[in-house]
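Since the structure comes first, as structure tokens, the remarks are kept for the end.
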Amino acid sequence: MTSNAIEKNVLVAPLNWGLGHATRCIPIIKGLEASGYTPILASDGQALALLKKEFPHLRALELPSYEIEYAKEGSDFKWKMLKNMPTMIDAILEEKKIVKKWVKEFNLIGIISDNRLGVFSKKVHCVFITHQFNVLTGTTTWITSKLHQHIIKKYDECWVPDFEDEPNLTGKLGHLNSTYSHIKYIGPLSRFEKKVTPKKFDLMIILSGPEPQRSILENILKEHIHEFNGKIVFIYGKMEARQKKTQVDQVTYYNYMTSTELEQTFNESEIVLCRSGYTSVMDLVKLEKKAFFYSNSRTIRARIFGQKTKTKWLFPLCKAGEF
């Protein structure tokens, strides 16, 4: 994108699939502003709500929803996505029409799409952000990867929030055997900074991701949270009109936190329990935090909550690793 352009409006459009795509765009939006560009925000649902709270001074536009939902059971994930496919295709086609109009209406000089497949125009410089060249879907990996790579090729640049060489965070997800000149590895993105602060919480729980899995996990954790011996801060990950704080015994509940509040709370917490989304991985690496990751289709013993029983399994969690 040319820095000497008279008009410097750049559309930044993250996918509304949990909050990760939106939050990893925050440092990009700040970087654009610092370089003299005017970001215009575009998304839907909670992703758009989050960006509005983070950047109330910027124009925010609404795009059609892909209506992405997880299945209740991990084994049904593919069928749920296939069922949603017609809705997603309609939304992609509609956002193509909308973006075509916005390019002219707002004198856009550039577009940055974080996994929104219809946010593209041949008339301006277009960037696609992804950490997945290889979309791992089991026996269908070859076709989902080829389709995704085909879409990426039409953009002028593809930004990968990772390191190109080893060690890196994405492995085969974000690296191809072939090389393409328009792929740029920009390093992991995080809106947070590591700070030296006194520890206030023994455990920080932060929920994210599409429904119904977010709510399912919320209910399971709330049922057994009293078993943990220590102070807990529990953030639901719900972008609502007002922030709500509730204290129940040793647990402090929040419906959501701003980036500034989250950064402080991460630094004040000894251990983090969160979804194993890639944005969370980048944040935790930046903050150098110990973490338990959870997934929707696996289980681990609930020893993090002090459970001593050898046979009882409490949570649909997966310990993907510790930093």
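Chain identifiers are assigned as A, B, and so on, following the order in which chains appear in the structure tokens; residues are numbered from 1 within each chain, and ligands are numbered from 1 in order of appearance.
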Worksheet item: Skipping near chain neighbours, those fewer than 4 positions away, what residues fall within 10 Å of region 49-65 of chain A using only C-alpha atoms, listed as an MDAnalysis selection string?
Response: chainID A and resid 11:17 19 22:23 25:26 29:30 38:45 87:88 90:96 98:99 102 116 119 238:241 256:260
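Non-sequential neighbours of region 194-210 of chain A (distance at most 6 Å, separation of 2 or more positions within a chain, only C-alpha atoms) are Trp17, Gly18, Glu69, Arg214, Gly230, Lys231, Ile232, Val233, Phe234, Ile235, Tyr236, Gly237, Glu268, Ser269, Glu270, Ile271, Val272, Leu273, Cys274 and Leu287 of chain A.
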Worksheet entry | Secondary structure check, strand (DSSP E or B) residues of region 116-309 of chain A, as a VMD selection string | chain A and resid 125 to 129 157 to 160 183 to 185 201 to 206 232 to 235 245 to 248 251 to 254 269 to 275 290 to 294 300
Fill in: Test item, helix (DSSP H, G or I) assignment across region 65-297 of chain A, answer as a PyMOL selection string
chain A and resi 74-105+138-153+171-173+213-227+259-268+278-287
Item to complete: Using only C-alpha atoms, pick whichever of A:Ser190, A:Asn84, A:Gln264, A:Asn115 has the shortest atom-to-atom distance to Tyr155 (chain A).
Response: A:Asn115
Worksheet item: Which polymer residues have any atom within 6 Å of an atom of Gly110 (chain A), counting only C-alpha atoms, with same-chain residues fewer than 5 positions away left out, as a list in words?
Response: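 Counting only the stated atoms, we get Val10, Val124, His125 and Cys126 of chain A.
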Worksheet item: Which of these, A:Ala47, A:Leu176, A:Met282, A:Leu262, has the shortest distance to Lys146 (chain A) once you count only C-alpha atoms?
Response: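 Closest to Lys146 (chain A), using only C-alpha atoms: A:Leu176.
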Discussion item. Under the rule that only C-alpha atoms are counted, which of A:Pro167, A:Gly138, A:Pro188, A:Gly174 is the nearest residue to Ser280 (chain A)?
Written reply: A:Pro188
Fill in: Residue contacts of Ile152 (chain A) (12 Å, only C-alpha atoms) excluding same-chain residues fewer than 3 positions away, as a ChimeraX atom specification
/A:113-120,126-134,145-149,155-160,180,182-183
